[in-house]
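Trainee: Got a structure for you, data_7.txt, holding compact mmCIF, C-alpha atoms and all ligand atoms.
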```
# COMPACT_ATOMS: atom_id res chain seq x y z
CA MET A 1395 170.42 91.46 77.70
CA GLU A 1396 171.42 88.32 79.53
CA HIS A 1397 168.93 86.83 81.95
CA PRO A 1398 170.70 84.48 84.37
CA GLU A 1399 167.31 83.20 85.45
CA ASN A 1400 167.00 81.49 82.04
CA ASP A 1401 169.77 79.09 82.97
CA SER A 1402 168.58 75.46 82.94
CA GLN A 1403 169.14 75.22 86.70
CA TYR A 1404 166.06 77.40 87.24
CA ILE A 1405 163.38 74.97 86.20
CA GLY A 1406 160.02 76.40 85.32
CA LEU A 1407 161.18 79.99 85.16
CA THR A 1408 161.90 81.93 82.00
CA VAL A 1409 162.27 85.63 81.59
CA ASN A 1410 161.39 87.19 78.27
CA SER A 1411 163.40 90.01 76.81
CA GLY A 1412 161.77 93.35 77.32
CA VAL A 1413 159.91 95.26 74.66
CA SER A 1414 161.53 98.48 73.55
CA GLN A 1415 159.46 101.47 74.61
CA PRO A 1416 158.23 104.07 72.13
CA PRO A 1417 159.57 107.57 72.70
CA SER A 1418 157.51 109.50 75.22
CA VAL A 1419 157.30 112.50 72.91
CA ASN A 1420 154.95 112.13 69.98
CA PRO A 1421 157.19 112.64 66.89
CA TYR A 1422 154.17 113.46 64.72
CA LEU A 1423 153.00 116.28 66.91
CA LYS A 1424 153.33 119.62 65.18
CA ARG A 1425 154.61 122.41 67.34
CA VAL A 1426 151.91 124.98 67.72
CA PRO A 1427 152.65 128.52 68.84
CA ARG A 1428 151.96 128.69 72.56
CA ARG A 1429 150.24 132.00 72.72
CA LYS A 1430 147.25 132.88 70.69
CA PRO A 1431 146.89 136.54 69.79
CA MET A 1432 144.87 138.59 72.23
CA PRO A 1433 141.22 138.80 71.13
CA THR A 1434 139.63 142.23 70.84
CA PRO A 1435 137.12 143.24 73.53
CA GLY A 1436 134.36 142.61 70.98
CA GLU A 1437 135.63 139.09 70.33
CA PHE A 1438 135.84 138.43 74.05
CA VAL A 1439 132.26 139.53 74.59
CA GLU A 1440 130.97 137.56 71.62
CA GLY A 1441 132.70 134.42 72.88
CA ILE A 1442 131.49 134.90 76.43
CA LEU A 1443 127.89 135.46 75.38
CA LYS A 1444 128.05 132.24 73.37
CA GLY A 1445 129.18 130.45 76.53
CA ASP A 1446 132.65 129.71 75.14
CA VAL A 1447 134.55 128.50 78.22
CA THR A 1448 138.00 129.18 76.75
CA MET A 1449 137.05 132.78 76.06
CA LEU A 1450 135.56 133.12 79.52
CA SER A 1451 138.73 131.73 81.13
CA ARG A 1452 140.91 134.06 79.13
CA ALA A 1453 138.76 137.04 80.06
CA VAL A 1454 138.95 136.08 83.74
CA THR A 1455 142.73 135.83 83.43
CA LEU A 1456 142.68 139.33 81.98
CA VAL A 1457 140.59 140.62 84.87
CA GLU A 1458 143.05 139.05 87.31
CA SER A 1459 146.09 140.37 85.49
CA LEU A 1460 148.14 143.03 87.19
CA ALA A 1461 149.61 144.22 83.89
CA PRO A 1462 148.47 147.78 83.23
CA GLU A 1463 147.95 147.09 79.50
CA HIS A 1464 145.31 144.47 80.36
CA TYR A 1465 143.34 146.75 82.64
CA ASN A 1466 141.52 148.78 79.98
CA ILE A 1467 140.59 145.77 77.84
CA ALA A 1468 139.31 143.93 80.92
CA GLN A 1469 137.20 146.91 81.96
CA GLU A 1470 135.75 147.23 78.47
CA VAL A 1471 134.83 143.55 78.40
CA ILE A 1472 133.17 143.80 81.83
CA GLU A 1473 131.29 146.93 80.82
CA LYS A 1474 129.94 145.22 77.69
CA CYS A 1475 128.97 142.08 79.63
CA LEU A 1476 127.19 144.02 82.35
CA PRO A 1477 123.81 144.26 80.55
CA TYR A 1478 123.78 140.45 80.31
CA SER A 1479 124.67 139.86 83.94
CA GLY A 1480 122.64 139.67 87.13
CA ASN A 1481 120.50 136.71 86.23
CA SER A 1482 121.84 134.26 88.78
CA ARG A 1483 121.74 133.11 92.34
CA ARG A 1484 124.91 134.20 94.04
CA ILE A 1485 125.70 132.08 97.04
CA GLY A 1486 128.60 132.67 99.42
CA ILE A 1487 129.98 129.65 101.26
CA THR A 1488 132.30 129.91 104.21
CA GLY A 1489 133.68 127.69 106.96
CA VAL A 1490 136.96 127.08 108.68
CA PRO A 1491 139.53 124.86 106.92
CA GLY A 1492 138.48 121.25 107.38
CA ALA A 1493 134.79 122.07 107.80
CA GLY A 1494 134.19 120.31 104.51
CA LYS A 1495 133.71 123.19 102.10
CA SER A 1496 135.15 121.53 99.03
CA THR A 1497 133.45 118.21 99.71
CA SER A 1498 130.16 120.03 100.21
CA ILE A 1499 130.50 122.37 97.25
CA ASP A 1500 131.10 119.36 95.02
CA VAL A 1501 127.92 117.70 96.28
CA PHE A 1502 125.80 120.87 96.44
CA GLY A 1503 127.00 121.75 92.95
CA ILE A 1504 126.00 118.42 91.45
CA HIS A 1505 122.63 118.73 93.22
CA VAL A 1506 122.04 122.18 91.75
CA LEU A 1507 123.06 121.07 88.27
CA LYS A 1508 120.54 118.22 88.33
CA SER A 1509 117.79 120.75 87.77
CA GLY A 1510 119.61 122.21 84.75
CA GLY A 1511 121.51 125.44 84.28
CA LYS A 1512 125.17 126.10 84.85
CA LEU A 1513 127.34 126.66 87.90
CA ALA A 1514 130.47 128.74 88.42
CA VAL A 1515 132.54 128.19 91.56
CA LEU A 1516 134.79 131.11 92.44
CA ALA A 1517 136.89 131.75 95.50
CA ILE A 1518 138.30 134.57 97.53
CA ASP A 1519 141.51 133.63 99.20
CA PRO A 1520 143.94 136.49 99.52
CA SER A 1521 146.27 134.36 101.61
CA SER A 1522 147.17 131.88 98.91
CA GLU A 1523 149.94 134.08 97.57
CA ARG A 1524 151.66 134.07 100.90
CA THR A 1525 151.34 130.37 101.48
CA LYS A 1526 151.97 129.59 97.83
CA GLY A 1527 149.53 126.76 98.20
CA SER A 1528 146.20 126.78 96.51
CA ILE A 1529 143.88 126.63 99.48
CA LEU A 1530 140.67 127.40 97.70
CA GLY A 1531 139.17 126.69 94.37
CA ASP A 1532 141.71 124.08 93.43
CA LYS A 1533 140.09 121.91 90.81
CA THR A 1534 141.27 118.67 92.32
CA ARG A 1535 139.34 119.47 95.45
CA MET A 1536 136.03 119.33 93.61
CA GLU A 1537 136.41 116.18 91.64
CA LYS A 1538 132.90 115.84 90.27
CA LEU A 1539 132.42 119.48 89.40
CA ALA A 1540 135.86 119.76 87.83
CA VAL A 1541 134.83 117.37 85.06
CA HIS A 1542 131.18 118.44 84.77
CA PRO A 1543 130.47 120.11 81.42
CA ASN A 1544 128.19 122.73 82.98
CA ALA A 1545 130.50 123.71 85.82
CA PHE A 1546 133.24 126.29 85.75
CA VAL A 1547 135.64 126.04 88.69
CA ARG A 1548 138.09 128.85 89.06
CA PRO A 1549 140.70 129.20 91.80
CA SER A 1550 141.04 132.43 93.71
CA PRO A 1551 142.99 135.25 92.13
CA SER A 1552 146.04 135.08 94.30
CA ALA A 1553 147.87 138.34 94.01
CA GLY A 1554 147.04 141.52 95.80
CA SER A 1555 145.16 142.93 98.73
CA LEU A 1556 141.88 141.50 99.94
CA GLY A 1557 140.09 144.45 98.38
CA GLY A 1558 141.78 143.81 95.05
CA VAL A 1559 141.13 140.09 95.11
CA ALA A 1560 137.51 140.66 96.06
CA ARG A 1561 137.00 143.18 93.26
CA LYS A 1562 138.35 140.72 90.73
CA THR A 1563 136.00 138.02 91.98
CA ARG A 1564 133.11 140.43 91.78
CA GLU A 1565 134.04 141.26 88.17
CA THR A 1566 134.42 137.57 87.38
CA ILE A 1567 130.84 137.05 88.56
CA VAL A 1568 129.71 139.51 85.87
CA LEU A 1569 131.60 137.61 83.18
CA CYS A 1570 130.28 134.23 84.32
CA GLU A 1571 126.71 135.47 84.40
CA ALA A 1572 127.05 136.87 80.89
CA ALA A 1573 128.29 133.43 79.84
CA GLY A 1574 125.04 131.90 81.12
CA TYR A 1575 126.10 130.67 84.56
CA ASN A 1576 122.93 131.08 86.58
CA ASN A 1577 124.38 129.68 89.81
CA ILE A 1578 127.44 131.28 91.32
CA PHE A 1579 129.18 129.93 94.41
CA VAL A 1580 131.80 132.11 96.04
CA GLU A 1581 133.89 130.21 98.53
CA THR A 1582 136.00 131.72 101.24
CA VAL A 1583 137.87 130.42 104.21
CA GLY A 1584 136.15 131.44 107.42
CA VAL A 1585 139.01 132.86 109.34
CA GLY A 1586 139.48 136.45 108.36
CA GLN A 1587 138.05 139.53 106.78
CA SER A 1588 137.23 137.86 103.51
CA GLU A 1589 133.73 136.86 104.66
CA THR A 1590 132.73 140.50 104.71
CA ALA A 1591 133.95 140.85 101.14
CA VAL A 1592 132.03 137.77 100.03
CA HIS A 1593 128.94 138.89 101.89
CA SER A 1594 129.01 142.10 99.88
CA MET A 1595 128.70 140.25 96.57
CA VAL A 1596 126.28 137.39 97.23
CA ASP A 1597 122.54 137.03 97.79
CA PHE A 1598 122.73 134.18 100.27
CA PHE A 1599 125.49 133.49 102.75
CA LEU A 1600 125.94 129.91 103.94
CA LEU A 1601 128.06 129.16 106.97
CA ILE A 1602 129.37 125.60 107.22
CA GLN A 1603 130.13 124.48 110.75
CA ILE A 1604 131.12 121.22 112.36
CA ALA A 1605 130.29 119.88 115.76
CA GLY A 1606 133.44 119.89 117.82
CA ALA A 1607 134.27 118.99 121.37
CA GLY A 1608 133.23 121.39 124.08
CA ASP A 1609 131.45 124.65 123.71
CA GLU A 1610 130.24 124.87 120.14
CA LEU A 1611 129.85 128.57 120.05
CA GLN A 1612 133.23 129.41 121.37
CA GLY A 1613 135.68 130.79 118.91
CA ILE A 1614 133.04 131.50 116.32
CA LYS A 1615 133.08 135.07 115.42
CA ARG A 1616 129.76 136.60 116.18
CA GLY A 1617 130.09 138.79 113.10
CA ILE A 1618 130.17 135.80 110.78
CA MET A 1619 127.13 134.26 112.40
CA GLU A 1620 125.29 137.53 112.07
CA MET A 1621 126.01 137.59 108.35
CA ALA A 1622 124.79 134.04 107.77
CA ASP A 1623 121.41 133.43 106.12
CA GLY A 1624 121.82 129.75 106.82
CA ILE A 1625 124.04 127.74 109.14
CA VAL A 1626 124.63 124.14 108.19
CA ILE A 1627 126.39 121.63 110.39
CA ASN A 1628 128.38 119.21 108.29
CA LYS A 1629 129.55 115.68 109.04
CA ALA A 1630 126.27 114.63 110.62
CA ASP A 1631 127.04 110.98 109.97
CA GLY A 1632 127.92 107.92 112.05
CA ASP A 1633 128.71 108.70 115.66
CA ASN A 1634 128.66 112.35 114.88
CA VAL A 1635 124.90 112.63 114.36
CA GLY A 1636 124.24 113.30 118.06
CA PRO A 1637 126.89 116.00 118.48
CA ALA A 1638 125.76 117.60 115.23
CA GLN A 1639 122.17 117.77 116.47
CA LEU A 1640 123.32 119.23 119.74
CA ALA A 1641 125.29 121.87 117.89
CA GLN A 1642 122.19 122.57 115.80
CA ALA A 1643 120.14 123.22 118.93
CA GLN A 1644 122.84 125.48 120.33
CA TYR A 1645 123.10 127.53 117.16
CA ARG A 1646 119.35 127.84 116.98
CA SER A 1647 119.09 129.24 120.46
CA ALA A 1648 122.09 131.52 119.89
CA LEU A 1649 120.44 132.94 116.78
CA HIS A 1650 117.38 133.86 118.80
CA LEU A 1651 119.48 136.37 120.67
CA PHE A 1652 120.51 138.17 117.51
CA PRO A 1653 118.62 141.21 116.29
CA PRO A 1654 116.26 140.64 113.32
CA THR A 1655 117.99 140.59 109.94
CA ALA A 1656 117.58 143.38 107.38
CA SER A 1657 115.84 140.98 105.02
CA GLY A 1658 113.27 139.86 107.58
CA TRP A 1659 114.42 136.29 106.95
CA ARG A 1660 115.06 134.10 109.97
CA PRO A 1661 118.33 132.23 109.41
CA GLU A 1662 117.85 128.48 109.62
CA VAL A 1663 120.15 125.84 111.09
CA LEU A 1664 120.34 122.38 109.49
CA THR A 1665 122.57 119.34 109.73
CA TYR A 1666 123.85 117.30 106.77
CA SER A 1667 126.71 115.13 105.61
CA GLY A 1668 128.59 116.23 102.54
CA TYR A 1669 130.67 113.11 102.42
CA TYR A 1670 127.78 110.63 102.69
CA GLU A 1671 125.44 112.96 100.79
CA LEU A 1672 122.76 113.08 103.48
CA GLY A 1673 120.39 116.00 103.87
CA ILE A 1674 121.57 117.79 100.73
CA PRO A 1675 118.10 118.42 99.20
CA GLU A 1676 116.96 119.87 102.55
CA VAL A 1677 119.79 122.40 102.53
CA TRP A 1678 118.83 123.39 99.04
CA GLN A 1679 115.15 123.66 99.88
CA MET A 1680 116.10 126.13 102.58
CA ILE A 1681 118.02 128.20 100.04
CA ASP A 1682 115.06 128.06 97.65
CA ARG A 1683 112.79 129.27 100.45
CA TYR A 1684 115.14 132.16 101.12
CA PHE A 1685 115.17 133.29 97.50
CA GLU A 1686 111.41 133.11 97.28
CA PHE A 1687 111.12 135.13 100.48
CA VAL A 1688 113.51 137.94 99.52
CA VAL A 1689 112.38 138.19 95.91
CA ASN A 1690 108.79 138.60 97.12
CA ASN A 1691 109.53 141.21 99.75
CA GLY A 1692 111.81 143.24 97.48
CA TYR A 1693 114.93 142.73 99.58
CA PHE A 1694 116.70 140.81 96.81
CA GLU A 1695 116.66 143.79 94.49
CA ARG A 1696 117.46 146.28 97.24
CA LYS A 1697 120.48 144.31 98.37
CA ARG A 1698 121.84 144.03 94.85
CA GLN A 1699 121.54 147.79 94.42
CA GLU A 1700 123.19 148.37 97.76
CA GLN A 1701 126.04 146.06 96.70
CA ALA A 1702 126.47 147.85 93.38
CA ARG A 1703 126.83 151.11 95.25
CA TYR A 1704 129.24 149.57 97.72
CA TRP A 1705 131.47 148.33 94.90
CA MET A 1706 131.49 151.71 93.24
CA TYR A 1707 132.94 153.26 96.38
CA GLU A 1708 135.25 150.33 96.99
CA SER A 1709 136.60 150.73 93.51
CA ILE A 1710 137.14 154.46 94.05
CA ASN A 1711 138.88 153.82 97.36
CA GLU A 1712 141.14 151.24 95.84
CA GLN A 1713 142.12 153.45 92.91
CA ILE A 1714 142.85 156.39 95.18
CA ARG A 1715 145.01 154.27 97.46
CA LYS A 1716 146.85 152.85 94.51
CA HIS A 1717 147.45 156.28 93.01
CA PHE A 1718 148.80 157.50 96.32
CA TYR A 1719 151.02 154.56 97.23
CA ASP A 1720 152.33 154.00 93.70
CA ASN A 1721 153.75 157.53 93.52
CA PRO A 1722 157.55 157.22 93.87
CA GLU A 1723 157.90 160.60 95.62
CA VAL A 1724 155.19 159.65 98.09
CA GLN A 1725 156.98 156.39 98.69
CA SER A 1726 160.28 158.04 99.57
CA ARG A 1727 158.54 160.57 101.81
CA LEU A 1728 156.69 157.78 103.54
CA THR A 1729 159.95 155.98 104.24
CA ALA A 1730 161.43 159.12 105.77
CA SER A 1731 158.31 159.94 107.79
CA GLU A 1732 158.04 156.41 109.06
CA ALA A 1733 161.58 156.59 110.42
CA GLN A 1734 160.74 159.86 112.17
CA VAL A 1735 157.60 158.42 113.70
CA LEU A 1736 159.38 155.30 114.88
CA SER A 1737 162.10 157.32 116.56
CA ASN A 1738 159.50 159.56 118.24
CA ARG A 1739 160.70 162.64 116.45
CA ARG A 1740 157.31 163.21 114.90
CA SER A 1741 153.74 162.37 115.80
CA SER A 1742 151.86 159.93 113.54
CA PHE A 1743 149.32 162.59 112.67
CA ALA A 1744 151.79 165.31 111.79
CA ALA A 1745 153.72 162.89 109.61
CA ALA A 1746 150.56 161.74 107.84
CA ALA A 1747 149.41 165.31 107.29
CA GLU A 1748 152.74 166.26 105.80
CA VAL A 1749 152.79 163.41 103.28
CA LEU A 1750 149.17 164.05 102.33
CA ASP A 1751 149.79 167.79 101.89
CA PHE A 1752 152.63 166.97 99.58
CA TYR A 1753 150.47 164.54 97.61
CA PHE A 1754 147.55 166.96 97.25
CA SER A 1755 149.85 169.77 96.15
CA LYS A 1756 151.28 167.42 93.50
CA ILE A 1757 147.80 166.69 92.20
CA LYS A 1758 146.96 170.39 92.01
CA GLU A 1759 150.10 171.07 89.98
CA LYS A 1760 148.93 168.71 87.24
P1 LIG B 1801 137.60 122.28 103.51
O1 LIG B 1801 138.98 122.53 104.02
O2 LIG B 1801 136.60 123.07 104.29
O3 LIG B 1801 137.45 122.47 102.05
O4 LIG B 1801 137.26 120.76 103.86
P2 LIG B 1801 137.32 119.44 102.96
O5 LIG B 1801 136.13 119.37 102.07
O6 LIG B 1801 138.64 119.35 102.32
O7 LIG B 1801 137.12 118.34 104.08
C1 LIG B 1801 138.01 118.17 105.14
C2 LIG B 1801 137.95 116.74 105.64
O8 LIG B 1801 136.69 116.45 106.18
C3 LIG B 1801 138.21 115.73 104.53
O9 LIG B 1801 139.01 114.73 105.03
C4 LIG B 1801 136.83 115.22 104.20
O10 LIG B 1801 136.85 113.90 103.70
C5 LIG B 1801 136.14 115.30 105.54
N1 LIG B 1801 134.68 115.47 105.37
C6 LIG B 1801 134.07 116.39 104.60
N2 LIG B 1801 132.73 116.26 104.68
C7 LIG B 1801 132.50 115.24 105.53
C8 LIG B 1801 131.29 114.63 106.03
O11 LIG B 1801 130.18 114.98 105.68
N3 LIG B 1801 131.45 113.62 106.91
C9 LIG B 1801 132.66 113.18 107.31
N4 LIG B 1801 132.70 112.19 108.19
N5 LIG B 1801 133.80 113.73 106.87
C10 LIG B 1801 133.74 114.74 105.99
```
What does the file become when written as structure tokens?
Ligand code: GDP
Mentor:
Amino acid sequence: MEHPENDSQYIGLTVNSGVSQPPSVNPYLKRVPRRKPMPTPGEFVEGILKGDVTMLSRAVTLVESLAPEHYNIAQEVIEKCLPYSGNSRRIGITGVPGAGKSTSIDVFGIHVLKSGGKLAVLAIDPSSERTKGSILGDKTRMEKLAVHPNAFVRPSPSAGSLGGVARKTRETIVLCEAAGYNNIFVETVGVGQSETAVHSMVDFFLLIQIAGAGDELQGIKRGIMEMADGIVINKADGDNVGPAQLAQAQYRSALHLFPPTASGWRPEVLTYSGYYELGIPEVWQMIDRYFEFVVNNGYFERKRQEQARYWMYESINEQIRKHFYDNPEVQSRLTASEAQVLSNRRSSFAAAAEVLDFYFSKIKEK
């Protein structure tokens, strides 16, 4: 190619010819088949128990799958992993978007991993399907953990109802524990019903707050505060230290008004900075104190049993709902009844009773 700049009138300037670029596709690369054959449940379990991350990921994908043919294999794998599960600290982490959950989880996670063991970070975010964005659990949000060999970061299963998403996360906990992950973080965004779901599968529930302008306690759902075993006020750095301490005092006095917790533990309020990594060991010492407290007074075990029972009934409820709503005849009757209810030709209750009667009579016929 001609370079006019090389003309003798441009003194002191020469432009070299470019170097031809190699092709961007490696010509020596052999094409490998994209999909490996599906392992048997036994192979899954063997891989998981060995701590094989690929096997664990594939099993989690199976648990999350909506394909009916995956359901039975997934359940068999979970069932076989169950005896090896339970040996972990399950910690729920919530906070409104922007509170600093991902920044904090990254830092907390690295802190936890310093004393050995493994950490799985899971998420419950039923909204991500709607928004199509990955709000929670996105690997890029937890930069240090994403590349840590002992951390397993898994985004939220996106499809389905909150109940369905929560069940899958709960089952994923079992798989991770069987794979040797002795610390489990379950993250959720603190704006909806998902905190209740997370609360029902963790031992410790951490609420991340930030000091804002005005009345700190406004707009914070009392229910979430009541669930919290620890409230931590993030971003206590720079000019924000004062407001964070003020918020701490306000939360402390608000907590005094709450009835005693079932565990007997008094929820603590601390300040820290995830970004500048200040006060992190103190947050973790609080969590250590909690575990010591509830293991000693028997609450730890009781709560786990209570949760197991809860999930049995949740699972039954979900299956019954699914069986009902998936029935094509029920669906067409529902459409008709809904129209009648909307046009005031039928009461809600009569319409419901009619569809249910039809459904129950169908079941009896079988
Ligand atoms: P998430 O939506 O709750 O996951 O919040 P992020 O972790 O994404 O944080 C939201 C914003 O707050 C980001 O811009 C962070 O850099 C910032 N942030 C997080 N932690 C701190 C902190 O401790 N101090 C300060 N000053 N900023 C923080």
Trainee: Have a look at A:Pro1491, A:Gly1558, A:Gly1632, A:Gly1658 and name the one nearest to ligand LIG 1801 (chain B); count all atoms listed in the file.
Mentor: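 Looking at the shortest contact to ligand LIG 1801 (chain B), the residue is A:Pro1491.
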Trainee: Where does chain A meet ligand LIG 1801 (chain B) within 7 Å, residue by residue, with the nearest atom pair and distance in Å to one decimal for each, counting all atoms listed in the file, listed by chain and rising number, as a Markdown table?
Mentor:
```
| residue | atom | partner | partner_atom | distance |
| --- | --- | --- | --- | --- |
| A:Gly1489 | CA | B:LIG1801 | O2 | 6.1 |
| A:Val1490 | CA | B:LIG1801 | O2 | 6.0 |
| A:Pro1491 | CA | B:LIG1801 | O1 | 3.8 |
| A:Gly1492 | CA | B:LIG1801 | O1 | 3.6 |
| A:Ala1493 | CA | B:LIG1801 | O2 | 4.1 |
| A:Gly1494 | CA | B:LIG1801 | O4 | 3.2 |
| A:Lys1495 | CA | B:LIG1801 | O2 | 3.6 |
| A:Ser1496 | CA | B:LIG1801 | O5 | 3.9 |
| A:Thr1497 | CA | B:LIG1801 | O5 | 3.8 |
| A:Ser1498 | CA | B:LIG1801 | O5 | 6.3 |
| A:Arg1535 | CA | B:LIG1801 | O6 | 6.9 |
| A:Asn1628 | CA | B:LIG1801 | O11 | 5.3 |
| A:Lys1629 | CA | B:LIG1801 | O11 | 3.5 |
| A:Ala1630 | CA | B:LIG1801 | O11 | 6.3 |
| A:Asp1631 | CA | B:LIG1801 | N3 | 6.0 |
| A:Tyr1666 | CA | B:LIG1801 | O11 | 6.8 |
| A:Ser1667 | CA | B:LIG1801 | O11 | 3.5 |
| A:Gly1668 | CA | B:LIG1801 | O11 | 3.7 |
| A:Tyr1669 | CA | B:LIG1801 | O11 | 3.8 |
| A:Tyr1670 | CA | B:LIG1801 | O11 | 5.8 |
```
Trainee: Rounded to one decimal place, report the atom CA of Lys1760 of chain A-atom CA of Ile1710 of chain A distance in Å.
Mentor: 19.7 Å
Trainee: Given 8 Å of margin on each side, can you work out the centre and size in Å (one decimal) of an axis-aligned box holding every listed atom of segment 1740-1747 of chain A, as AutoDock Vina command-line options?
Mentor:
```
--center_x 153.3 --center_y 162.6 --center_z 111.5 --size_x 24.0 --size_y 21.4 --size_z 24.5
```
Trainee: Considering all atoms listed in the file, state which residue in the set A:Val1501, A:Leu1450, A:Ala1745, A:Ala1545 is at the smallest distance from Val1677 of chain A.
Mentor: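 Closest residue, counting all atoms listed in the file: A:Val1501.
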Trainee: For the atom pair atom CA of His1593 of chain A and atom CA of Ala1514 of chain A, what is the interatomic distance in Å to one decimal place?
Mentor: 16.9 Å
Trainee: Near His1464 of chain A, within 12 Å and counting all atoms listed in the file, which residues show up once chain neighbours fewer than 4 positions away are dropped, as a PyMOL selection string?
Mentor: chain A and resi 1432-1435+1452-1460+1468-1471
Trainee: Take the residues just selected and output them with C-alpha atoms as a short mmCIF file (atom, residue, chain, number, x, y, z; two decimals), in the frame of the given file.
Mentor:
```
data_model
loop_
_atom_site.label_atom_id
_atom_site.label_comp_id
_atom_site.auth_asym_id
_atom_site.auth_seq_id
_atom_site.Cartn_x
_atom_site.Cartn_y
_atom_site.Cartn_z
CA MET A 1432 144.87 138.59 72.23
CA PRO A 1433 141.22 138.80 71.13
CA THR A 1434 139.63 142.23 70.84
CA PRO A 1435 137.12 143.24 73.53
CA ARG A 1452 140.91 134.06 79.13
CA ALA A 1453 138.76 137.04 80.06
CA VAL A 1454 138.95 136.08 83.74
CA THR A 1455 142.73 135.83 83.43
CA LEU A 1456 142.68 139.33 81.98
CA VAL A 1457 140.59 140.62 84.87
CA GLU A 1458 143.05 139.05 87.31
CA SER A 1459 146.09 140.37 85.49
CA LEU A 1460 148.14 143.03 87.19
CA ALA A 1468 139.31 143.93 80.92
CA GLN A 1469 137.20 146.91 81.96
CA GLU A 1470 135.75 147.23 78.47
CA VAL A 1471 134.83 143.55 78.40
#
```
Trainee: In file coordinates, which residues lie within 6 Å of (137.4, 128.2, 88.4) using only C-alpha atoms, given as a VMD selection string?
Mentor: chain A and resid 1515 to 1516 1546 to 1549
Trainee: Grab segment 1441-1455 of chain A from that structure and dump N, CA and C atoms to a file, as a PDB file, in the first residue's frame.
Mentor:
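Below is the file selection_37.pdb, written as the result:
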```
ATOM      1  N   GLY A1441     -18.855 -37.574  40.859  1.00  0.00           N
ATOM      2  CA  GLY A1441     -18.130 -36.346  40.518  1.00  0.00           C
ATOM      3  C   GLY A1441     -18.316 -35.276  41.574  1.00  0.00           C
ATOM      4  N   ILE A1442     -19.555 -35.109  42.009  1.00  0.00           N
ATOM      5  CA  ILE A1442     -19.847 -34.075  43.007  1.00  0.00           C
ATOM      6  C   ILE A1442     -19.097 -34.350  44.305  1.00  0.00           C
ATOM      7  N   LEU A1443     -19.138 -35.603  44.748  1.00  0.00           N
ATOM      8  CA  LEU A1443     -18.486 -35.933  46.022  1.00  0.00           C
ATOM      9  C   LEU A1443     -16.971 -35.740  45.938  1.00  0.00           C
ATOM     10  N   LYS A1444     -16.436 -35.854  44.720  1.00  0.00           N
ATOM     11  CA  LYS A1444     -14.998 -35.603  44.550  1.00  0.00           C
ATOM     12  C   LYS A1444     -14.687 -34.111  44.495  1.00  0.00           C
ATOM     13  N   GLY A1445     -15.754 -33.307  44.430  1.00  0.00           N
ATOM     14  CA  GLY A1445     -15.553 -31.855  44.347  1.00  0.00           C
ATOM     15  C   GLY A1445     -15.301 -31.372  42.927  1.00  0.00           C
ATOM     16  N   ASP A1446     -15.693 -32.183  41.946  1.00  0.00           N
ATOM     17  CA  ASP A1446     -15.514 -31.820  40.537  1.00  0.00           C
ATOM     18  C   ASP A1446     -16.486 -30.689  40.168  1.00  0.00           C
ATOM     19  N   VAL A1447     -15.926 -29.507  39.899  1.00  0.00           N
ATOM     20  CA  VAL A1447     -16.766 -28.313  39.697  1.00  0.00           C
ATOM     21  C   VAL A1447     -17.612 -28.424  38.419  1.00  0.00           C
ATOM     22  N   THR A1448     -17.036 -29.039  37.393  1.00  0.00           N
ATOM     23  CA  THR A1448     -17.801 -29.188  36.143  1.00  0.00           C
ATOM     24  C   THR A1448     -19.034 -30.045  36.386  1.00  0.00           C
ATOM     25  N   MET A1449     -18.843 -31.145  37.109  1.00  0.00           N
ATOM     26  CA  MET A1449     -19.972 -32.028  37.414  1.00  0.00           C
ATOM     27  C   MET A1449     -21.008 -31.292  38.269  1.00  0.00           C
ATOM     28  N   LEU A1450     -20.516 -30.547  39.230  1.00  0.00           N
ATOM     29  CA  LEU A1450     -21.425 -29.791  40.099  1.00  0.00           C
ATOM     30  C   LEU A1450     -22.241 -28.802  39.252  1.00  0.00           C
ATOM     31  N   SER A1451     -21.560 -28.067  38.377  1.00  0.00           N
ATOM     32  CA  SER A1451     -22.258 -27.091  37.534  1.00  0.00           C
ATOM     33  C   SER A1451     -23.308 -27.764  36.667  1.00  0.00           C
ATOM     34  N   ARG A1452     -22.927 -28.909  36.114  1.00  0.00           N
ATOM     35  CA  ARG A1452     -23.885 -29.597  35.241  1.00  0.00           C
ATOM     36  C   ARG A1452     -25.084 -30.098  36.035  1.00  0.00           C
ATOM     37  N   ALA A1453     -24.822 -30.551  37.252  1.00  0.00           N
ATOM     38  CA  ALA A1453     -25.933 -31.030  38.088  1.00  0.00           C
ATOM     39  C   ALA A1453     -26.853 -29.867  38.460  1.00  0.00           C
ATOM     40  N   VAL A1454     -26.257 -28.701  38.733  1.00  0.00           N
ATOM     41  CA  VAL A1454     -27.077 -27.532  39.083  1.00  0.00           C
ATOM     42  C   VAL A1454     -27.931 -27.131  37.870  1.00  0.00           C
ATOM     43  N   THR A1455     -27.325 -27.195  36.688  1.00  0.00           N
ATOM     44  CA  THR A1455     -28.076 -26.879  35.469  1.00  0.00           C
ATOM     45  C   THR A1455     -29.276 -27.821  35.329  1.00  0.00           C
TER      46      THR A1455
END
```
